[in-house]
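Everything below belongs to run.cif, which stores mmCIF, C-alpha atoms and all ligand atoms.
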data_work
loop_
_atom_site.group_PDB
_atom_site.id
_atom_site.type_symbol
_atom_site.label_atom_id
_atom_site.label_comp_id
_atom_site.auth_asym_id
_atom_site.auth_seq_id
_atom_site.Cartn_x
_atom_site.Cartn_y
_atom_site.Cartn_z
ATOM 1 C CA MET K 1 8.800 114.944 203.038
ATOM 2 C CA LEU K 2 10.404 113.618 199.866
ATOM 3 C CA ALA K 3 13.203 115.564 198.196
ATOM 4 C CA PRO K 4 12.311 116.827 194.704
ATOM 5 C CA VAL K 5 13.659 114.592 191.932
ATOM 6 C CA PRO K 6 15.170 116.471 188.981
ATOM 7 C CA LEU K 7 13.362 115.998 185.670
ATOM 8 C CA LEU K 8 16.463 114.576 183.991
ATOM 9 C CA ASP K 9 16.526 111.675 186.491
ATOM 10 C CA TRP K 10 12.870 110.983 185.782
ATOM 11 C CA LYS K 11 13.750 110.888 182.105
ATOM 12 C CA ALA K 12 16.424 108.275 182.842
ATOM 13 C CA VAL K 13 13.820 106.055 184.484
ATOM 14 C CA PHE K 14 11.499 106.380 181.495
ATOM 15 C CA ARG K 15 14.362 105.834 179.051
ATOM 16 C CA LYS K 16 15.205 102.507 180.660
ATOM 17 C CA ARG K 17 11.613 101.352 180.452
ATOM 18 C CA ALA K 18 11.209 102.628 176.888
ATOM 19 C CA LYS K 19 14.333 100.772 175.740
ATOM 20 C CA LYS K 20 12.847 97.510 177.004
ATOM 21 C CA THR K 21 9.550 98.180 175.253
ATOM 22 C CA ARG K 22 11.323 98.968 171.990
ATOM 23 C CA ALA K 23 13.541 95.864 172.222
ATOM 24 C CA ARG K 24 10.462 93.703 172.768
ATOM 25 C CA ALA K 25 8.665 95.286 169.813
ATOM 26 C CA ALA K 26 11.695 94.825 167.543
ATOM 27 C CA LEU K 27 11.709 91.093 168.305
ATOM 28 C CA ALA K 28 7.952 90.714 167.894
ATOM 29 C CA GLN K 29 7.591 92.790 164.684
ATOM 30 C CA PRO K 30 10.416 91.961 162.260
ATOM 31 C CA GLY K 31 8.348 93.214 159.282
ATOM 32 C CA ALA K 32 7.421 96.570 160.830
ATOM 33 C CA ALA K 33 9.736 98.753 158.727
ATOM 34 C CA LYS K 34 7.923 97.960 155.459
ATOM 35 C CA PHE K 35 4.480 98.667 156.912
ATOM 36 C CA ALA K 36 5.719 101.881 158.530
ATOM 37 C CA ALA K 37 7.258 103.029 155.230
ATOM 38 C CA ASN K 38 3.914 102.565 153.463
ATOM 39 C CA HIS K 39 2.035 104.470 156.182
ATOM 40 C CA PHE K 40 4.601 107.273 155.979
ATOM 41 C CA LEU K 41 4.175 107.626 152.194
ATOM 42 C CA THR K 42 0.370 107.639 152.403
ATOM 43 C CA ALA K 43 0.140 110.152 155.262
ATOM 44 C CA LEU K 44 3.000 112.544 154.423
ATOM 45 C CA ASP K 45 2.909 112.199 150.604
ATOM 46 C CA PRO K 46 6.377 113.758 150.107
ATOM 47 C CA GLN K 47 6.801 115.372 146.688
ATOM 48 C CA ALA K 48 9.558 114.779 144.152
ATOM 49 C CA GLY K 49 12.276 117.379 144.644
ATOM 50 C CA SER K 50 11.665 117.763 148.382
ATOM 51 C CA THR K 51 14.116 116.526 151.024
ATOM 52 C CA VAL K 52 13.339 114.046 153.805
ATOM 53 C CA ALA K 53 15.898 113.538 156.592
ATOM 54 C CA LEU K 54 16.021 109.923 157.785
ATOM 55 C CA TYR K 55 18.458 108.374 160.296
ATOM 56 C CA SER K 56 20.968 105.499 160.194
ATOM 57 C CA PRO K 57 19.422 103.053 162.665
ATOM 58 C CA LEU K 58 21.271 102.048 165.841
ATOM 59 C CA GLY K 59 20.408 99.009 167.928
ATOM 60 C CA ASP K 60 16.638 98.423 168.120
ATOM 61 C CA GLU K 61 15.603 101.591 166.283
ATOM 62 C CA LEU K 62 13.099 100.948 163.480
ATOM 63 C CA ASP K 63 14.933 100.362 160.183
ATOM 64 C CA THR K 64 14.670 103.226 157.685
ATOM 65 C CA ALA K 65 16.006 101.309 154.642
ATOM 66 C CA PRO K 66 12.598 100.427 153.083
ATOM 67 C CA LEU K 67 11.507 104.064 153.440
ATOM 68 C CA ALA K 68 14.783 105.355 151.971
ATOM 69 C CA GLN K 69 14.340 103.154 148.929
ATOM 70 C CA ALA K 70 10.693 104.147 148.385
ATOM 71 C CA LEU K 71 11.559 107.848 148.699
ATOM 72 C CA ALA K 72 14.413 107.548 146.189
ATOM 73 C CA GLU K 73 12.030 105.834 143.730
ATOM 74 C CA ARG K 74 9.701 108.834 144.010
ATOM 75 C CA GLY K 75 12.474 111.328 143.336
ATOM 76 C CA VAL K 76 12.539 112.540 146.945
ATOM 77 C CA ALA K 77 16.023 113.414 148.225
ATOM 78 C CA VAL K 78 17.117 111.566 151.377
ATOM 79 C CA ALA K 79 19.409 113.303 153.862
ATOM 80 C CA LEU K 80 21.035 111.965 157.021
ATOM 81 C CA PRO K 81 21.994 113.765 160.246
ATOM 82 C CA VAL K 82 25.594 114.635 160.983
ATOM 83 C CA VAL K 83 26.810 115.448 164.501
ATOM 84 C CA ALA K 84 28.844 118.567 163.699
ATOM 85 C CA ALA K 85 29.771 119.164 167.352
ATOM 86 C CA LYS K 86 28.471 118.177 170.799
ATOM 87 C CA GLY K 87 25.948 120.658 172.116
ATOM 88 C CA GLN K 88 25.176 121.964 168.615
ATOM 89 C CA PRO K 89 22.224 121.309 166.279
ATOM 90 C CA LEU K 90 22.617 118.464 163.784
ATOM 91 C CA THR K 91 23.382 119.285 160.166
ATOM 92 C CA PHE K 92 21.933 117.207 157.312
ATOM 93 C CA ARG K 93 23.811 115.919 154.280
ATOM 94 C CA LEU K 94 22.511 114.216 151.170
ATOM 95 C CA PHE K 95 22.536 110.414 151.213
ATOM 96 C CA GLU K 96 23.757 109.052 147.885
ATOM 97 C CA VAL K 97 23.313 105.302 147.344
ATOM 98 C CA ASP K 98 26.726 104.779 145.730
ATOM 99 C CA LYS K 99 28.698 106.801 148.333
ATOM 100 C CA PRO K 100 29.868 105.017 151.482
ATOM 101 C CA LEU K 101 28.855 106.399 154.877
ATOM 102 C CA ILE K 102 31.482 107.166 157.492
ATOM 103 C CA GLU K 103 31.300 106.459 161.207
ATOM 104 C CA GLY K 104 30.560 109.638 163.125
ATOM 105 C CA ALA K 105 29.999 110.413 166.816
ATOM 106 C CA TYR K 106 28.227 107.743 168.935
ATOM 107 C CA GLY K 107 28.938 105.131 166.234
ATOM 108 C CA VAL K 108 26.270 106.623 163.928
ATOM 109 C CA ARG K 109 26.898 106.175 160.188
ATOM 110 C CA GLU K 110 26.737 109.520 158.398
ATOM 111 C CA PRO K 111 27.508 111.017 154.951
ATOM 112 C CA GLY K 112 31.085 112.214 154.483
ATOM 113 C CA PRO K 113 32.110 115.889 154.449
ATOM 114 C CA ASP K 114 31.908 116.096 150.637
ATOM 115 C CA ALA K 115 28.173 115.209 150.589
ATOM 116 C CA PRO K 116 26.127 118.385 149.974
ATOM 117 C CA GLU K 117 24.364 119.911 152.972
ATOM 118 C CA ARG K 118 20.544 120.158 152.730
ATOM 119 C CA ARG K 119 17.780 121.771 154.769
ATOM 120 C CA PRO K 120 15.122 119.048 155.153
ATOM 121 C CA ASP K 121 11.395 119.658 154.559
ATOM 122 C CA ILE K 122 10.558 116.666 156.760
ATOM 123 C CA VAL K 123 12.714 115.403 159.659
ATOM 124 C CA VAL K 124 12.154 111.765 160.574
ATOM 125 C CA THR K 125 13.530 111.269 164.090
ATOM 126 C CA PRO K 126 14.542 108.121 165.938
ATOM 127 C CA LEU K 127 13.111 108.028 169.443
ATOM 128 C CA LEU K 128 12.583 105.993 172.559
ATOM 129 C CA ALA K 129 8.969 107.062 172.996
ATOM 130 C CA ALA K 130 6.372 109.610 171.916
ATOM 131 C CA ARG K 131 3.465 110.875 174.012
ATOM 132 C CA ARG K 132 0.045 110.048 172.629
ATOM 133 C CA ALA K 133 -1.618 113.218 173.881
ATOM 134 C CA ASP K 134 0.612 115.789 172.193
ATOM 135 C CA GLY K 135 3.629 114.292 170.447
ATOM 136 C CA ALA K 136 6.216 115.056 173.130
ATOM 137 C CA ARG K 137 9.356 113.069 172.265
ATOM 138 C CA LEU K 138 11.817 111.129 174.412
ATOM 139 C CA GLY K 139 15.228 110.659 172.738
ATOM 140 C CA MET K 140 18.615 109.307 173.780
ATOM 141 C CA GLY K 141 19.319 112.329 175.960
ATOM 142 C CA GLY K 142 21.803 114.250 173.837
ATOM 143 C CA GLY K 143 19.246 116.941 173.088
ATOM 144 C CA TYR K 144 20.308 116.888 169.423
ATOM 145 C CA TYR K 145 16.844 116.742 167.898
ATOM 146 C CA ASP K 146 15.526 119.339 170.357
ATOM 147 C CA ARG K 147 18.236 121.812 169.337
ATOM 148 C CA THR K 148 17.882 120.913 165.654
ATOM 149 C CA LEU K 149 14.080 121.232 165.460
ATOM 150 C CA ALA K 150 14.193 124.461 167.485
ATOM 151 C CA ALA K 151 16.715 125.933 165.015
ATOM 152 C CA LEU K 152 14.845 124.732 161.909
ATOM 153 C CA ARG K 153 11.473 125.979 163.208
ATOM 154 C CA GLU K 154 12.978 129.365 163.986
ATOM 155 C CA ASP K 155 13.586 130.117 160.328
ATOM 156 C CA GLY K 156 10.943 128.250 158.404
ATOM 157 C CA ALA K 157 8.568 125.352 158.131
ATOM 158 C CA VAL K 158 9.611 121.819 158.958
ATOM 159 C CA VAL K 159 7.549 118.720 159.663
ATOM 160 C CA ALA K 160 8.856 116.519 162.494
ATOM 161 C CA VAL K 161 7.941 112.842 162.297
ATOM 162 C CA GLY K 162 8.706 110.331 165.044
ATOM 163 C CA TYR K 163 9.361 106.910 163.484
ATOM 164 C CA GLY K 164 9.198 103.708 165.487
ATOM 165 C CA TYR K 165 7.181 100.715 166.635
ATOM 166 C CA GLY K 166 3.536 101.185 167.556
ATOM 167 C CA ASP K 167 4.274 100.288 171.182
ATOM 168 C CA GLN K 168 6.582 103.338 171.453
ATOM 169 C CA LEU K 169 3.511 105.595 171.578
ATOM 170 C CA THR K 170 2.855 105.939 175.309
ATOM 171 C CA ASP K 171 0.735 107.809 177.864
ATOM 172 C CA ARG K 172 2.874 108.571 180.913
ATOM 173 C CA PHE K 173 5.767 110.798 180.079
ATOM 174 C CA PRO K 174 8.232 113.389 181.453
ATOM 175 C CA VAL K 175 8.619 116.659 179.531
ATOM 176 C CA ALA K 176 11.147 119.494 179.977
ATOM 177 C CA PRO K 177 10.751 123.124 178.823
ATOM 178 C CA HIS K 178 13.293 122.723 175.978
ATOM 179 C CA ASP K 179 11.575 119.647 174.489
ATOM 180 C CA GLN K 180 10.445 119.958 170.879
ATOM 181 C CA PHE K 181 7.191 118.254 169.916
ATOM 182 C CA LEU K 182 6.483 115.994 166.968
ATOM 183 C CA ASP K 183 3.923 116.719 164.252
ATOM 184 C CA TRP K 184 3.444 113.020 163.439
ATOM 185 C CA PHE K 185 4.207 109.568 164.796
ATOM 186 C CA VAL K 186 4.453 106.825 162.182
ATOM 187 C CA SER K 187 4.716 103.113 162.961
ATOM 188 C CA GLU K 188 3.680 99.754 161.488
ATOM 189 C CA ARG K 189 0.191 100.513 162.848
ATOM 190 C CA GLY K 190 -0.340 103.750 160.964
ATOM 191 C CA ALA K 191 0.278 107.486 161.119
ATOM 192 C CA VAL K 192 -0.930 109.694 163.978
ATOM 193 C CA ARG K 193 -1.041 113.490 163.633
ATOM 194 C CA PHE K 194 -0.552 115.710 166.689
ATOM 195 C CA ASP K 195 -2.128 119.063 167.278
ATOM 196 C CA ARG K 196 1.137 120.815 168.102
ATOM 197 C CA ARG K 197 1.044 123.698 170.559
ATOM 198 C CA ARG K 198 4.761 124.460 170.624
HETATM 199 N N1 LIG K 201 20.204 106.410 164.665
HETATM 200 C C1 LIG K 201 20.347 107.530 165.338
HETATM 201 N N2 LIG K 201 20.976 108.567 164.766
HETATM 202 C C2 LIG K 201 21.119 109.712 165.462
HETATM 203 C C3 LIG K 201 20.626 109.861 166.775
HETATM 204 C C4 LIG K 201 19.946 108.742 167.358
HETATM 205 O O1 LIG K 201 19.459 108.766 168.492
HETATM 206 N N3 LIG K 201 19.832 107.611 166.598
HETATM 207 N N4 LIG K 201 20.808 111.050 167.435
HETATM 208 C C5 LIG K 201 19.969 111.519 168.456
HETATM 209 O O2 LIG K 201 20.253 112.429 169.153
HETATM 210 C C6 LIG K 201 21.895 111.934 166.970
HETATM 211 C C7 LIG K 201 23.216 111.400 167.478
HETATM 212 N N5 LIG K 201 23.218 111.429 168.902
HETATM 213 C C8 LIG K 201 23.221 110.350 169.733
HETATM 214 C C9 LIG K 201 23.255 110.614 171.078
HETATM 215 C C10 LIG K 201 23.334 109.583 171.981
HETATM 216 C C11 LIG K 201 23.354 108.286 171.548
HETATM 217 C C12 LIG K 201 23.465 107.205 172.559
HETATM 218 O O3 LIG K 201 23.317 107.424 173.740
HETATM 219 N N6 LIG K 201 23.755 105.989 172.130
HETATM 220 C C13 LIG K 201 23.878 104.835 173.012
HETATM 221 C C14 LIG K 201 23.887 103.541 172.232
HETATM 222 C C15 LIG K 201 22.648 103.394 171.388
HETATM 223 C C16 LIG K 201 22.437 101.992 170.925
HETATM 224 O O4 LIG K 201 23.398 101.354 170.444
HETATM 225 O O5 LIG K 201 21.277 101.528 171.028
HETATM 226 C C17 LIG K 201 25.134 104.950 173.804
HETATM 227 O O6 LIG K 201 26.101 105.556 173.287
HETATM 228 O O7 LIG K 201 25.156 104.412 174.928
HETATM 229 C C18 LIG K 201 23.281 108.022 170.198
HETATM 230 C C19 LIG K 201 23.222 109.056 169.286
HETATM 231 C C20 LIG K 201 21.892 111.985 165.479
HETATM 232 N N7 LIG K 201 21.796 110.700 164.859
HETATM 233 N N1 LIG K 202 17.151 124.151 172.344
HETATM 234 C C1 LIG K 202 18.157 123.793 173.162
HETATM 235 N N2 LIG K 202 19.171 124.650 173.413
HETATM 236 C C2 LIG K 202 20.175 124.286 174.214
HETATM 237 N N3 LIG K 202 20.268 123.109 174.847
HETATM 238 C C3 LIG K 202 19.307 122.220 174.659
HETATM 239 C C4 LIG K 202 18.201 122.503 173.797
HETATM 240 N N4 LIG K 202 17.411 121.431 173.769
HETATM 241 C C5 LIG K 202 17.990 120.506 174.573
HETATM 242 N N5 LIG K 202 19.128 120.978 175.118
HETATM 243 C C6 LIG K 202 20.037 120.245 176.044
HETATM 244 O O1 LIG K 202 20.071 118.855 175.733
HETATM 245 C C7 LIG K 202 19.978 118.083 176.927
HETATM 246 C C8 LIG K 202 19.287 116.749 176.668
HETATM 247 O O2 LIG K 202 17.922 116.946 176.345
HETATM 248 P P1 LIG K 202 16.850 115.757 176.393
HETATM 249 O O3 LIG K 202 17.101 114.904 177.582
HETATM 250 O O4 LIG K 202 15.499 116.346 176.222
HETATM 251 O O5 LIG K 202 17.274 114.937 175.061
HETATM 252 P P2 LIG K 202 16.396 114.038 174.095
HETATM 253 O O6 LIG K 202 15.411 114.883 173.366
HETATM 254 O O7 LIG K 202 15.845 112.916 174.877
HETATM 255 O O8 LIG K 202 17.548 113.486 173.108
HETATM 256 P P3 LIG K 202 17.812 113.583 171.507
HETATM 257 O O9 LIG K 202 17.074 114.774 170.984
HETATM 258 O O10 LIG K 202 19.282 113.704 171.359
HETATM 259 O O11 LIG K 202 17.339 112.319 170.917
HETATM 260 C C9 LIG K 202 19.235 118.955 177.911
HETATM 261 O O12 LIG K 202 19.697 118.739 179.207
HETATM 262 C C10 LIG K 202 19.551 120.373 177.467
HETATM 263 O O13 LIG K 202 20.587 120.904 178.241
#
Can you give me the file's structure in the form of structure tokens?
Amino acid sequence: MLAPVPLLDWKAVFRKRAKKTRARAALAQPGAAKFAANHFLTALDPQAGSTVALYSPLGDELDTAPLAQALAERGVAVALPVVAAKGQPLTFRLFEVDKPLIEGAYGVREPGPDAPERRPDIVVTPLLAARRADGARLGMGGGYYDRTLAALREDGAVVAVGYGYGDQLTDRFPVAPHDQFLDWFVSERGAVRFDRRR
């Protein structure tokens, strides 16, 4: 009989595969970020005065710059995640075009401590993969977005949007009890809405 394999090890296997898929997509689709930004605006229609949390892209993550610019033109505030402490939820601070970002944990560029903190109405998350059937999300493994979405959903409404290349939407997928699900997945191919059960 085979010994049971812990779920976290299964996730590592899927992460490796998902990184390759994303790297391939990034090479094949250099214009994806502009198409994805347009699909995001059409599907989510964020209103002036609301706040959308984006991310500062790392490696092969889909670029958020075209979306940031389009949101700013509409009068939508853009916030970026800040790793306050390991094992804690992320906080979000306002991104201001003229203010430089600082390098935070994991080499992620984030707003400095004087940037005002904001609760986002929409959280756009980076990801390795999202599950087509229900919007389960596979991230880098820090659990940051799981903790953050759990905390935000506990005291109000928030819309979670996975943002990436179309090929990052997949079928086979490991899920753990603490995983938070996405409401949307947006890519260069369009926007998909999930019927979220948790
Ligand atoms: N762009 C971006 N911002 C983010 C995240 C993310 O995944 N991507 N996070 C999501 O939780 C939070 C920061 N946590 C992170 C946790 C782990 C790794 C990580 O394992 N990084 C790889 C290198 C990634 C690369 O260069 O492609 C590493 O350190 O080996 C990154 C960020 C908040 N901001
Ligand atoms: N709501 C939570 N409360 C406490 N710990 C949590 C919570 N959610 C996740 N974690 C912790 O985070 C760890 C990593 O989770 P997981 O592998 O699902 O990360 P991920 O969603 O892929 O990564 P990320 O969200 O950072 O992109 C888990 O082992 C778990 O211990």
Using only C-alpha atoms, tabulate the residues of stretch 64-128 of chain K lying at most 12 Å from any atom of stretch 41-46 of chain K, each with its closest atom pair and that distance in Å to one decimal, by chain and increasing residue number, as a Markdown table.
| residue | atom | partner | partner_atom | distance |
| --- | --- | --- | --- | --- |
| K:Pro66 | CA | K:Leu41 | CA | 11.1 |
| K:Leu67 | CA | K:Leu41 | CA | 8.2 |
| K:Ala68 | CA | K:Leu41 | CA | 10.9 |
| K:Gln69 | CA | K:Leu41 | CA | 11.6 |
| K:Ala70 | CA | K:Leu41 | CA | 8.3 |
| K:Leu71 | CA | K:Pro46 | CA | 8.0 |
| K:Ala72 | CA | K:Pro46 | CA | 10.9 |
| K:Glu73 | CA | K:Pro46 | CA | 11.6 |
| K:Arg74 | CA | K:Pro46 | CA | 8.5 |
| K:Gly75 | CA | K:Pro46 | CA | 9.4 |
| K:Val76 | CA | K:Pro46 | CA | 7.0 |
| K:Ala77 | CA | K:Pro46 | CA | 9.8 |
| K:Val78 | CA | K:Pro46 | CA | 11.0 |
| K:Pro120 | CA | K:Pro46 | CA | 11.4 |
| K:Asp121 | CA | K:Pro46 | CA | 8.9 |
| K:Ile122 | CA | K:Pro46 | CA | 8.4 |
| K:Val123 | CA | K:Leu44 | CA | 11.4 |
| K:Val124 | CA | K:Leu44 | CA | 11.1 |
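For ligand LIG 201 (chain K), the neighbouring protein, DNA and RNA residues, which are those within 7 Å when all atoms listed in the file are counted, are Tyr55, Ser56, Pro57, Leu58, Gly59, Asp60, Glu61, Pro81, Val82, Val83, Leu90, Ala105, Tyr106, Val108, Pro126, Leu127, Gly139, Met140, Gly141, Gly142, Gly143, Tyr144 and Tyr145 of chain K.
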- Task: Tell me, in Å to one decimal, how far atom O1 of ligand LIG 202 (chain K) is from atom CA of K:Val52.
- Result: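 It comes out at 23.4 Å.
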- Task: Step by step, measure atom-to-atom distances between ligand LIG 202 (chain K) and each residue using all atoms listed in the file, keep those at most 10 Å, then write them as JSON, numbers by chain.
- Result: {"K": [7, 8, 9, 11, 12, 15, 86, 87, 88, 89, 90, 125, 126, 127, 128, 129, 136, 137, 138, 139, 140, 141, 142, 143, 144, 145, 146, 147, 148, 149, 150, 151, 174, 175, 176, 177, 178, 179, 180, 181]}
- Task: Do a neighbour search on K:Ala130 at 10 Å with all atoms listed in the file, toss out local chain neighbours closer than 2 positions, and write the hits as a PyMOL selection string.
- Result: chain K and resi 18+127-128+132-139+162-164+166-173+181-182+184-185
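Between atom CA of K:Gly49 and atom CA of K:Asp155 there is a distance of 20.2 Å.
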- Pick from K:Pro116, K:Phe40, K:Arg109, K:Ala84 nearest to K:Val161, counting all atoms listed in the file: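 Of K:Pro116, K:Phe40, K:Arg109, K:Ala84, the one nearest K:Val161, counting all atoms listed in the file, is K:Phe40.
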